[in-house]
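What follows is a single structure, written as structure tokens, with notes after it.
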Amino acid sequence: MMNGHNSESDHTKILEDEELQRLLVPDVCHLPLTPPSAVDSNFVCYFAPDFIKPGHDQYVYRHANGLCVIGLAPMHVALQDKGGVTAVDFNVGKFDRSGIKVTGKRKRNAQHFEHNTALCKVCTNDNSYIVRCCVKGSLLEVNDRLIKQPKLLNTSANREGYIAIIMPKPADWLKIKASLIGPEDYKNLRALS
Amino acid sequence: MLNEVESAEVSNGDEEAQMISVSEEPPITAGDEVIQALREGVRLLPPQAVKDLLSIGVCVQCIFRLFGVHGHNYSCFSILQSNLYAVLGELIYLDKQILDNTSPKEYSIRHSSKDSEIEPPICSICLGILQFFYYDDKEQPVRKNCPHDLAASISEVVKTEGHQIDNFSFEVSIPPIIVENEQAVRFYMESKYGSEPWFHNTFRPECISVKDALKLYVVTPLAMSLDIQSSPSSFHVRLTYSHAKASSRTNFSEGIQDSKRRKAGEKMCSDTKKSLHGLLEDESSECCKLPLEKVSQPCSLSITCYRKPIYIGGRYLKYSRNVSQTRWIIDDERMGEASVEEIIGGTIRPMCRGDNYKFHAAGREDIDVRMLGSGRPFLVEVQNARIVPSEVAINDIEEKINNCKKVLLSSMVRVKSLKVVGTHGWALMREGEMEKQKQYAAIVWISRPLEDEDLQNICALKEMKISQKTPIRVLHRRSPLEREKIIHWMKIERLAESSQYFLLHLCTQAGTYIKEFVHGDLGRTYPNIGSILGCMAEILQLDVTDVKMDGFNTD
């Protein structure tokens, strides 16, 4: 037999739980059929068609905090080759990009690259293609998962298959932004649906 | 109400008995008795040495200190300085030998009690501190005639600040050169009178310091005037004396000041004592040479009082997705509608009549994440609170916060279990942060319909380790690291009317980024919900449902 005090605090707890449940459960009819992806919600997407070389379409996803995610756009030539991408090699230029370890809040030991510096080499059955930075800035990270799982570029080049993350200075970003185009313009350019 | 007696009104030592009766409080010891006791103590002093000290500018209070004459001096607080000089005067000028050699000008010091225009010079040891002569904060010279008057001035400052107090701690800070001055005088006395028979009994090496003497003079009348006790307290009354012109005469004394600034724990005390002793014995040492620099100005006195910070703690809930935890302003623009910090701290501070507040919470949530369930523990630190809120006042504060900032009849922020906590509350919060578990509920969408198998698979994962690279959204300001976190348990709650949306309940280690665990952050958090269910996953909404912190503000 519970004493008066116990049942009162239990009762309060039950009420609180009910209130919590009410707050948590959404009204499903207010939810969108297909929500925007995390990329669409948090980044502004830009494209660099024919970057340096024809057919080398790349994307730049820019976050509100200034960081840029670099990757292969849907119509990049490498993704059109038969068999798709078979290997990714970060050992281009003067040293292996996958070997850099950037440390610290200020990221002082990051490498500073130009917009046309090579990031990696993407190989298909017949060809290999150089992927470049697109944006001048500090290289924070390369997606080294691509070394073991190059097929990620075939399945999700726009997400898990990103190539690298670069931190440009505000002035350098403005310079390159002028030559980039938005998703709608890219679709029209490449006659995508 | 006690009257402040100005020096101009009292000029005659004979009137001292009447002057004391002006006070409404009965004196601890009648003035007459104290004067008599002083006379008896003074009678034993060597007249020539006392005259010598007066001539090098030492005040009567310091002379009493150096010779160990107390005679209840520190128990009657309305004895005028002029009375003290009169007592000394009797000693000196009753000595026939001295009288014969005294010039008329010197003789008039005896009569200073009758002639208030001749003020004694500023003491060459205490720089006027024990003479209650100082520059106030408006740089006006102030002379108080007795400890009671100085206490009255301090009392006024305290009353103006308006603190609600039961007791007080008293602190005094004096210029370091005073210690040097005293050493120089001691050295002089030792070298001149060291061989006299009275020297070692009467002029002892240890005596009440200037600081302690001032405290003895002031603390009791101050306590009486404020009608509170002097005892260890969170409320501090502080006298800070500074002297612009009296510079340290040697590098040595700067060394003392530097060593005082060093961290506690270094054995400085014994070193400085040794060095001082060594200096005394070094006759050619510069700093102990007399005459001491003539002091033309007294110290500046700053009277301050403050209460040490008080802490008010509780748990808060945040119902809005547009309220940040702390004030968030970028380029002069506020992010979000309001902040938890300002709603809570901004209500508590004025109710305590404090100067400032600081908001501390056990962890934080994003602006678009609600804080529900038991709430998140927090502490508000209030600086210099004039009032410590009572239980009733605390309830008022709680109500005020809960009713503040309502949007469509629902509060943005609510507090629970609000109460004044001691400083241990602080330690409890810090200790809990890193180890404690947090519980969440997220609305998740997946790119294919949910199967029963999914519910079972998710439920089966206990204490699952995940690896999170620093999320891109904070990578600009945090170190690029890979952090291992633990998902303690998960549970899927189906939503009626939807096959691809569901509620994900999960309990994780503190410091886990939940949003990234759901959408994967481009694969940089692994495993993630998408990889576990073999599809794409997105998070629409996140709520914190529990911050597990035992023993902190639970009802």
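Ordering of the structure tokens sets the chain letters (A, B, ...), residue numbers begin anew at 1 in every chain, and ligands are numbered from 1 in the order given.
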Within 12 Å of Gly66 in chain A using only C-alpha atoms, minus same-chain residues under 3 positions, as a PDB file with N, CA and C atoms, in the first residue's frame:
```pdb
ATOM      1  N   ASN A  42      22.265  22.076 -45.045  1.00  0.00           N
ATOM      2  CA  ASN A  42      23.375  22.751 -44.374  1.00  0.00           C
ATOM      3  C   ASN A  42      24.397  23.389 -45.300  1.00  0.00           C
ATOM      4  N   PHE A  43      24.339  23.044 -46.597  1.00  0.00           N
ATOM      5  CA  PHE A  43      25.333  23.586 -47.523  1.00  0.00           C
ATOM      6  C   PHE A  43      24.647  24.323 -48.657  1.00  0.00           C
ATOM      7  N   VAL A  44      25.397  25.200 -49.284  1.00  0.00           N
ATOM      8  CA  VAL A  44      24.965  25.780 -50.555  1.00  0.00           C
ATOM      9  C   VAL A  44      25.776  25.055 -51.625  1.00  0.00           C
ATOM     10  N   VAL A  60      31.284  21.995 -55.430  1.00  0.00           N
ATOM     11  CA  VAL A  60      31.794  22.611 -54.200  1.00  0.00           C
ATOM     12  C   VAL A  60      30.582  22.855 -53.306  1.00  0.00           C
ATOM     13  N   TYR A  61      30.523  22.156 -52.174  1.00  0.00           N
ATOM     14  CA  TYR A  61      29.445  22.402 -51.216  1.00  0.00           C
ATOM     15  C   TYR A  61      29.998  23.352 -50.169  1.00  0.00           C
ATOM     16  N   ARG A  62      29.388  24.518 -50.050  1.00  0.00           N
ATOM     17  CA  ARG A  62      29.936  25.468 -49.069  1.00  0.00           C
ATOM     18  C   ARG A  62      29.038  25.534 -47.840  1.00  0.00           C
ATOM     19  N   HIS A  63      29.643  25.324 -46.655  1.00  0.00           N
ATOM     20  CA  HIS A  63      28.901  25.389 -45.398  1.00  0.00           C
ATOM     21  C   HIS A  63      28.849  26.836 -44.912  1.00  0.00           C
ATOM     22  N   VAL A  69      33.311  21.454 -49.244  1.00  0.00           N
ATOM     23  CA  VAL A  69      33.474  20.036 -49.539  1.00  0.00           C
ATOM     24  C   VAL A  69      33.591  19.906 -51.048  1.00  0.00           C
ATOM     25  N   VAL A 135      39.026  25.306 -55.194  1.00  0.00           N
ATOM     26  CA  VAL A 135      39.034  26.488 -54.324  1.00  0.00           C
ATOM     27  C   VAL A 135      40.421  26.630 -53.721  1.00  0.00           C
ATOM     28  N   GLY A 137      42.876  27.310 -50.845  1.00  0.00           N
ATOM     29  CA  GLY A 137      42.727  27.342 -49.394  1.00  0.00           C
ATOM     30  C   GLY A 137      43.546  26.265 -48.711  1.00  0.00           C
ATOM     31  N   SER A 138      43.293  26.050 -47.403  1.00  0.00           N
ATOM     32  CA  SER A 138      44.018  25.027 -46.635  1.00  0.00           C
ATOM     33  C   SER A 138      43.294  23.700 -46.772  1.00  0.00           C
ATOM     34  N   ILE A 165      37.992  18.209 -48.009  1.00  0.00           N
ATOM     35  CA  ILE A 165      37.430  19.393 -47.344  1.00  0.00           C
ATOM     36  C   ILE A 165      38.504  20.474 -47.311  1.00  0.00           C
ATOM     37  N   ILE A 166      38.134  21.650 -47.823  1.00  0.00           N
ATOM     38  CA  ILE A 166      39.107  22.754 -47.907  1.00  0.00           C
ATOM     39  C   ILE A 166      38.577  23.972 -47.166  1.00  0.00           C
ATOM     40  N   MET A 167      39.484  24.709 -46.540  1.00  0.00           N
ATOM     41  CA  MET A 167      39.113  25.926 -45.821  1.00  0.00           C
ATOM     42  C   MET A 167      39.724  27.131 -46.532  1.00  0.00           C
ATOM     43  N   PRO A 168      38.903  27.858 -47.317  1.00  0.00           N
ATOM     44  CA  PRO A 168      39.460  29.015 -48.017  1.00  0.00           C
ATOM     45  C   PRO A 168      39.370  30.277 -47.174  1.00  0.00           C
ATOM     46  N   LYS A 169      40.227  31.257 -47.494  1.00  0.00           N
ATOM     47  CA  LYS A 169      40.076  32.571 -46.863  1.00  0.00           C
ATOM     48  C   LYS A 169      38.888  33.258 -47.538  1.00  0.00           C
ATOM     49  N   PRO A 170      38.195  34.112 -46.801  1.00  0.00           N
ATOM     50  CA  PRO A 170      37.009  34.763 -47.370  1.00  0.00           C
ATOM     51  C   PRO A 170      37.267  35.408 -48.738  1.00  0.00           C
ATOM     52  N   ALA A 171      38.387  36.088 -48.876  1.00  0.00           N
ATOM     53  CA  ALA A 171      38.680  36.758 -50.148  1.00  0.00           C
ATOM     54  C   ALA A 171      38.869  35.751 -51.280  1.00  0.00           C
ATOM     55  N   ASP A 172      39.566  34.641 -50.993  1.00  0.00           N
ATOM     56  CA  ASP A 172      39.804  33.620 -52.022  1.00  0.00           C
ATOM     57  C   ASP A 172      38.493  32.970 -52.452  1.00  0.00           C
ATOM     58  N   TRP A 173      37.558  32.817 -51.493  1.00  0.00           N
ATOM     59  CA  TRP A 173      36.270  32.219 -51.837  1.00  0.00           C
ATOM     60  C   TRP A 173      35.525  33.112 -52.810  1.00  0.00           C
ATOM     61  N   LEU A 174      35.502  34.395 -52.523  1.00  0.00           N
ATOM     62  CA  LEU A 174      34.767  35.322 -53.389  1.00  0.00           C
ATOM     63  C   LEU A 174      35.298  35.289 -54.815  1.00  0.00           C
TER      64      LEU A 174
ATOM     65  N   ILE B 472      31.521  18.383 -39.760  1.00  0.00           N
ATOM     66  CA  ILE B 472      31.899  19.493 -40.640  1.00  0.00           C
ATOM     67  C   ILE B 472      31.363  20.816 -40.108  1.00  0.00           C
ATOM     68  N   ARG B 473      30.165  20.777 -39.487  1.00  0.00           N
ATOM     69  CA  ARG B 473      29.579  22.038 -39.054  1.00  0.00           C
ATOM     70  C   ARG B 473      30.339  22.692 -37.906  1.00  0.00           C
ATOM     71  N   VAL B 474      31.205  21.966 -37.207  1.00  0.00           N
ATOM     72  CA  VAL B 474      32.018  22.593 -36.166  1.00  0.00           C
ATOM     73  C   VAL B 474      33.505  22.493 -36.468  1.00  0.00           C
ATOM     74  N   LEU B 475      33.843  21.924 -37.636  1.00  0.00           N
ATOM     75  CA  LEU B 475      35.248  21.685 -37.972  1.00  0.00           C
ATOM     76  C   LEU B 475      36.046  22.980 -38.071  1.00  0.00           C
ATOM     77  N   HIS B 476      35.363  24.088 -38.327  1.00  0.00           N
ATOM     78  CA  HIS B 476      36.092  25.353 -38.465  1.00  0.00           C
ATOM     79  C   HIS B 476      36.640  25.846 -37.142  1.00  0.00           C
ATOM     80  N   ARG B 477      36.056  25.386 -36.024  1.00  0.00           N
ATOM     81  CA  ARG B 477      36.518  25.879 -34.734  1.00  0.00           C
ATOM     82  C   ARG B 477      36.946  24.796 -33.771  1.00  0.00           C
TER      83      ARG B 477
END
```
- [ ] Kindly provide, as an MDAnalysis selection string, the residues of chain B having any atom no farther than 9 Å from an atom of chain A, counting only C-alpha atoms.
- [x] chainID B and resid 372:374 441:443 445 447 472:481 495:498 500:501 503 519:524 537:540 543 545
Output C-alpha atoms for every residue in that selection, as a PDB file, in the first residue's frame.
```
ATOM      1  CA  LEU B 372      12.694  18.366 -22.335  1.00  0.00           C
ATOM      2  CA  GLY B 373      12.115  15.773 -19.624  1.00  0.00           C
ATOM      3  CA  SER B 374      13.958  16.286 -16.365  1.00  0.00           C
ATOM      4  CA  ALA B 441      14.352  11.516 -29.153  1.00  0.00           C
ATOM      5  CA  ALA B 442      14.789  12.211 -32.873  1.00  0.00           C
ATOM      6  CA  ILE B 443      12.374  12.272 -35.787  1.00  0.00           C
ATOM      7  CA  TRP B 445      13.316   9.648 -42.131  1.00  0.00           C
ATOM      8  CA  SER B 447      14.727   6.243 -47.888  1.00  0.00           C
ATOM      9  CA  ILE B 472      31.899  19.493 -40.640  1.00  0.00           C
ATOM     10  CA  ARG B 473      29.579  22.038 -39.054  1.00  0.00           C
ATOM     11  CA  VAL B 474      32.018  22.593 -36.166  1.00  0.00           C
ATOM     12  CA  LEU B 475      35.248  21.685 -37.972  1.00  0.00           C
ATOM     13  CA  HIS B 476      36.092  25.353 -38.465  1.00  0.00           C
ATOM     14  CA  ARG B 477      36.518  25.879 -34.734  1.00  0.00           C
ATOM     15  CA  ARG B 478      37.373  22.486 -33.292  1.00  0.00           C
ATOM     16  CA  SER B 479      40.404  20.268 -33.743  1.00  0.00           C
ATOM     17  CA  PRO B 480      40.119  17.649 -36.485  1.00  0.00           C
ATOM     18  CA  LEU B 481      39.980  14.505 -34.411  1.00  0.00           C
ATOM     19  CA  LEU B 495       4.582   6.622 -36.109  1.00  0.00           C
ATOM     20  CA  ALA B 496       1.059   5.928 -37.183  1.00  0.00           C
ATOM     21  CA  GLU B 497       0.362   7.114 -40.719  1.00  0.00           C
ATOM     22  CA  SER B 498       3.967   6.932 -41.828  1.00  0.00           C
ATOM     23  CA  GLN B 500       9.328   6.112 -43.597  1.00  0.00           C
ATOM     24  CA  TYR B 501       9.267   8.415 -40.575  1.00  0.00           C
ATOM     25  CA  LEU B 503      10.803   8.319 -33.579  1.00  0.00           C
ATOM     26  CA  HIS B 519      22.681  11.279 -41.303  1.00  0.00           C
ATOM     27  CA  GLY B 520      26.279  10.099 -41.205  1.00  0.00           C
ATOM     28  CA  ASP B 521      27.974  13.419 -41.954  1.00  0.00           C
ATOM     29  CA  LEU B 522      29.107  12.208 -45.394  1.00  0.00           C
ATOM     30  CA  GLY B 523      30.227   8.937 -43.831  1.00  0.00           C
ATOM     31  CA  ARG B 524      32.521  10.628 -41.306  1.00  0.00           C
ATOM     32  CA  ALA B 537      18.686   8.456 -43.233  1.00  0.00           C
ATOM     33  CA  GLU B 538      17.917  12.093 -42.386  1.00  0.00           C
ATOM     34  CA  ILE B 539      17.059  13.760 -39.101  1.00  0.00           C
ATOM     35  CA  LEU B 540      14.250  16.293 -38.938  1.00  0.00           C
ATOM     36  CA  ASP B 543      14.949  16.742 -28.502  1.00  0.00           C
ATOM     37  CA  THR B 545      14.772  14.060 -23.069  1.00  0.00           C
TER      38      THR B 545
END
```
Open item on the list: For a test of reading the model, state the distance in Å between CA of Phe133 in chain B and CA of Val237 in chain B, rounded to one decimal.
Closed with: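 CA of Phe133 in chain B sits 19.0 Å away from CA of Val237 in chain B.
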Task: alpha helix (DSSP H) residues, from DSSP on the backbone, in range 7-146 of chain A, as a list in words - done: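 Secondary structure check on range 7-146 of chain A, alpha helix (DSSP H): Ser7, Glu8, Ser9, Asp10, His11, Thr12, Lys13, Ile14, Leu15, Glu16, Asp17, Glu18, Glu19, Leu20, Gln21, Arg22, Leu23, Leu24, Ala38, Val39, Asp40, Ser41, Asn42, Val77, Ala78, Leu79, Gln80, Arg145 and Leu146 of chain A.
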Same residues, N, CA and C atoms, output as a PDB file, in the first residue's frame:
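Written out: again33.pdb:
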```pdb
ATOM      1  N   SER A   7       2.348   8.242  -3.939  1.00  0.00           N
ATOM      2  CA  SER A   7       1.445   8.197  -5.085  1.00  0.00           C
ATOM      3  C   SER A   7       1.352   9.579  -5.733  1.00  0.00           C
ATOM      4  N   GLU A   8       1.590  10.620  -4.921  1.00  0.00           N
ATOM      5  CA  GLU A   8       1.528  11.970  -5.510  1.00  0.00           C
ATOM      6  C   GLU A   8       2.683  12.200  -6.473  1.00  0.00           C
ATOM      7  N   SER A   9       3.883  11.787  -6.030  1.00  0.00           N
ATOM      8  CA  SER A   9       5.032  12.029  -6.915  1.00  0.00           C
ATOM      9  C   SER A   9       4.999  11.074  -8.096  1.00  0.00           C
ATOM     10  N   ASP A  10       4.457   9.866  -7.888  1.00  0.00           N
ATOM     11  CA  ASP A  10       4.276   8.950  -9.022  1.00  0.00           C
ATOM     12  C   ASP A  10       3.315   9.571 -10.022  1.00  0.00           C
ATOM     13  N   HIS A  11       2.245  10.127  -9.488  1.00  0.00           N
ATOM     14  CA  HIS A  11       1.220  10.741 -10.342  1.00  0.00           C
ATOM     15  C   HIS A  11       1.828  11.869 -11.168  1.00  0.00           C
ATOM     16  N   THR A  12       2.649  12.696 -10.489  1.00  0.00           N
ATOM     17  CA  THR A  12       3.317  13.788 -11.199  1.00  0.00           C
ATOM     18  C   THR A  12       4.197  13.231 -12.301  1.00  0.00           C
ATOM     19  N   LYS A  13       4.892  12.145 -11.979  1.00  0.00           N
ATOM     20  CA  LYS A  13       5.803  11.557 -12.953  1.00  0.00           C
ATOM     21  C   LYS A  13       5.019  11.080 -14.170  1.00  0.00           C
ATOM     22  N   ILE A  14       3.865  10.442 -13.916  1.00  0.00           N
ATOM     23  CA  ILE A  14       3.043   9.942 -15.022  1.00  0.00           C
ATOM     24  C   ILE A  14       2.583  11.111 -15.892  1.00  0.00           C
ATOM     25  N   LEU A  15       2.154  12.174 -15.244  1.00  0.00           N
ATOM     26  CA  LEU A  15       1.718  13.354 -15.998  1.00  0.00           C
ATOM     27  C   LEU A  15       2.854  13.913 -16.837  1.00  0.00           C
ATOM     28  N   GLU A  16       4.046  13.973 -16.227  1.00  0.00           N
ATOM     29  CA  GLU A  16       5.200  14.508 -16.943  1.00  0.00           C
ATOM     30  C   GLU A  16       5.530  13.645 -18.145  1.00  0.00           C
ATOM     31  N   ASP A  17       5.477  12.339 -17.957  1.00  0.00           N
ATOM     32  CA  ASP A  17       5.760  11.432 -19.075  1.00  0.00           C
ATOM     33  C   ASP A  17       4.752  11.614 -20.193  1.00  0.00           C
ATOM     34  N   GLU A  18       3.493  11.789 -19.813  1.00  0.00           N
ATOM     35  CA  GLU A  18       2.468  11.989 -20.842  1.00  0.00           C
ATOM     36  C   GLU A  18       2.713  13.275 -21.601  1.00  0.00           C
ATOM     37  N   GLU A  19       3.081  14.293 -20.832  1.00  0.00           N
ATOM     38  CA  GLU A  19       3.355  15.580 -21.470  1.00  0.00           C
ATOM     39  C   GLU A  19       4.528  15.448 -22.436  1.00  0.00           C
ATOM     40  N   LEU A  20       5.532  14.731 -21.975  1.00  0.00           N
ATOM     41  CA  LEU A  20       6.714  14.538 -22.801  1.00  0.00           C
ATOM     42  C   LEU A  20       6.341  13.826 -24.095  1.00  0.00           C
ATOM     43  N   GLN A  21       5.538  12.778 -23.966  1.00  0.00           N
ATOM     44  CA  GLN A  21       5.139  12.009 -25.136  1.00  0.00           C
ATOM     45  C   GLN A  21       4.387  12.896 -26.123  1.00  0.00           C
ATOM     46  N   ARG A  22       3.547  13.731 -25.578  1.00  0.00           N
ATOM     47  CA  ARG A  22       2.765  14.648 -26.431  1.00  0.00           C
ATOM     48  C   ARG A  22       3.686  15.590 -27.194  1.00  0.00           C
ATOM     49  N   LEU A  23       4.723  16.025 -26.520  1.00  0.00           N
ATOM     50  CA  LEU A  23       5.642  16.957 -27.158  1.00  0.00           C
ATOM     51  C   LEU A  23       6.476  16.276 -28.227  1.00  0.00           C
ATOM     52  N   LEU A  24       6.806  14.998 -27.977  1.00  0.00           N
ATOM     53  CA  LEU A  24       7.735  14.328 -28.875  1.00  0.00           C
ATOM     54  C   LEU A  24       7.092  13.877 -30.183  1.00  0.00           C
ATOM     55  N   ALA A  38      20.683  16.249 -45.548  1.00  0.00           N
ATOM     56  CA  ALA A  38      21.549  17.024 -44.660  1.00  0.00           C
ATOM     57  C   ALA A  38      22.423  17.967 -45.471  1.00  0.00           C
ATOM     58  N   VAL A  39      22.853  17.490 -46.643  1.00  0.00           N
ATOM     59  CA  VAL A  39      23.689  18.339 -47.499  1.00  0.00           C
ATOM     60  C   VAL A  39      22.892  19.548 -47.963  1.00  0.00           C
ATOM     61  N   ASP A  40      21.664  19.303 -48.434  1.00  0.00           N
ATOM     62  CA  ASP A  40      20.845  20.413 -48.929  1.00  0.00           C
ATOM     63  C   ASP A  40      20.499  21.393 -47.828  1.00  0.00           C
ATOM     64  N   SER A  41      20.299  20.894 -46.615  1.00  0.00           N
ATOM     65  CA  SER A  41      19.912  21.774 -45.514  1.00  0.00           C
ATOM     66  C   SER A  41      21.070  22.623 -45.023  1.00  0.00           C
ATOM     67  N   ASN A  42      22.265  22.076 -45.045  1.00  0.00           N
ATOM     68  CA  ASN A  42      23.375  22.751 -44.374  1.00  0.00           C
ATOM     69  C   ASN A  42      24.397  23.389 -45.300  1.00  0.00           C
ATOM     70  N   VAL A  77      33.391  13.023 -66.241  1.00  0.00           N
ATOM     71  CA  VAL A  77      33.701  11.970 -67.227  1.00  0.00           C
ATOM     72  C   VAL A  77      34.033  10.632 -66.580  1.00  0.00           C
ATOM     73  N   ALA A  78      34.713  10.681 -65.442  1.00  0.00           N
ATOM     74  CA  ALA A  78      35.104   9.419 -64.802  1.00  0.00           C
ATOM     75  C   ALA A  78      33.885   8.562 -64.479  1.00  0.00           C
ATOM     76  N   LEU A  79      32.769   9.225 -64.150  1.00  0.00           N
ATOM     77  CA  LEU A  79      31.578   8.481 -63.741  1.00  0.00           C
ATOM     78  C   LEU A  79      30.826   7.934 -64.957  1.00  0.00           C
ATOM     79  N   GLN A  80      31.218   8.367 -66.164  1.00  0.00           N
ATOM     80  CA  GLN A  80      30.529   7.895 -67.364  1.00  0.00           C
ATOM     81  C   GLN A  80      31.242   6.700 -67.970  1.00  0.00           C
ATOM     82  N   ARG A 145      38.645   7.067 -47.110  1.00  0.00           N
ATOM     83  CA  ARG A 145      37.839   5.874 -47.313  1.00  0.00           C
ATOM     84  C   ARG A 145      37.829   5.454 -48.787  1.00  0.00           C
ATOM     85  N   LEU A 146      38.079   6.429 -49.672  1.00  0.00           N
ATOM     86  CA  LEU A 146      38.049   6.149 -51.106  1.00  0.00           C
ATOM     87  C   LEU A 146      39.172   5.211 -51.521  1.00  0.00           C
TER      88      LEU A 146
END
```
Task: Interatomic distance, CA of Pro49 in chain A to CA of Lys94 in chain A (Å, one decimal) - done: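 Interatomic distance, CA of Pro49 in chain A to CA of Lys94 in chain A: 26.1 Å.
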- [ ] Please measure the separation of CA of Ile492 in chain B and CA of Asp452 in chain B, giving the value in Å to one decimal.
- [x] 9.9 Å
Open item on the list: as a ChimeraX atom specification, please: every residue in chain A that DSSP puts in strand (DSSP E).
Closed with: /A:43-48,58-63,68-72,85-89,91-92,95-96,111-113,118-124,128-132,137-142,164-167
TODO: Please provide as a PyMOL selection string all residues within 8 Å of Met351 in chain B, with the sequence filter that same-chain residues fewer than 3 positions apart are discarded (counting only C-alpha atoms).
DONE: chain B and resi 347-348+354+387+389+397
TODO: Find the residues around Phe113 in chain A up to 8 Å (only C-alpha atoms counted), leave out those fewer than 3 positions away in its own chain, and share them as a PyMOL selection string.
DONE: chain A and resi 116-117+133+136-139
Would you output that residue set with N, CA, C and O atoms, as a PDB file, in the first residue's frame?
```
ATOM      1  N   ASN A 116      44.018  25.085 -58.647  1.00  0.00           N
ATOM      2  CA  ASN A 116      44.275  24.048 -59.643  1.00  0.00           C
ATOM      3  C   ASN A 116      45.265  22.981 -59.163  1.00  0.00           C
ATOM      4  O   ASN A 116      45.730  22.160 -59.944  1.00  0.00           O
ATOM      5  N   THR A 117      45.568  22.992 -57.877  1.00  0.00           N
ATOM      6  CA  THR A 117      46.464  21.955 -57.340  1.00  0.00           C
ATOM      7  C   THR A 117      45.755  20.607 -57.382  1.00  0.00           C
ATOM      8  O   THR A 117      44.558  20.512 -57.117  1.00  0.00           O
ATOM      9  N   CYS A 133      41.589  21.029 -56.634  1.00  0.00           N
ATOM     10  CA  CYS A 133      40.983  21.663 -55.452  1.00  0.00           C
ATOM     11  C   CYS A 133      39.760  22.506 -55.766  1.00  0.00           C
ATOM     12  O   CYS A 133      38.837  22.580 -54.974  1.00  0.00           O
ATOM     13  N   LYS A 136      40.948  27.853 -53.721  1.00  0.00           N
ATOM     14  CA  LYS A 136      42.250  28.060 -53.084  1.00  0.00           C
ATOM     15  C   LYS A 136      42.062  28.090 -51.574  1.00  0.00           C
ATOM     16  O   LYS A 136      41.180  28.803 -51.072  1.00  0.00           O
ATOM     17  N   GLY A 137      42.876  27.310 -50.845  1.00  0.00           N
ATOM     18  CA  GLY A 137      42.727  27.342 -49.394  1.00  0.00           C
ATOM     19  C   GLY A 137      43.546  26.265 -48.711  1.00  0.00           C
ATOM     20  O   GLY A 137      44.400  25.629 -49.325  1.00  0.00           O
ATOM     21  N   SER A 138      43.293  26.050 -47.403  1.00  0.00           N
ATOM     22  CA  SER A 138      44.018  25.027 -46.635  1.00  0.00           C
ATOM     23  C   SER A 138      43.294  23.700 -46.772  1.00  0.00           C
ATOM     24  O   SER A 138      42.076  23.633 -46.608  1.00  0.00           O
ATOM     25  N   LEU A 139      44.040  22.656 -47.040  1.00  0.00           N
ATOM     26  CA  LEU A 139      43.447  21.330 -47.140  1.00  0.00           C
ATOM     27  C   LEU A 139      43.302  20.755 -45.733  1.00  0.00           C
ATOM     28  O   LEU A 139      44.283  20.501 -45.049  1.00  0.00           O
TER      29      LEU A 139
END
```
Task: Long-range neighbours of Leu44 in chain B as a list of chain:residue names, 10 Å cut-off, only C-alpha atoms, 4 positions minimum in chain - done: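 Returned residues: B:Arg39, B:Glu40, B:Phe67, B:Val69, B:Leu91, B:Trp198, B:Thr202.
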Open item on the list: Need the shell around Met75 in chain A: protein/DNA/RNA residues with any atom at most 10 Å away, counting only C-alpha atoms. Skip same-chain ones fewer than 6 positions apart. Format as a list of chain:residue names?
Closed with: A:Pro49, A:Asp50, A:Gly55, A:His56, A:Asp57, A:Gln58, A:Tyr186, A:Lys187, A:Arg190, A:Leu192
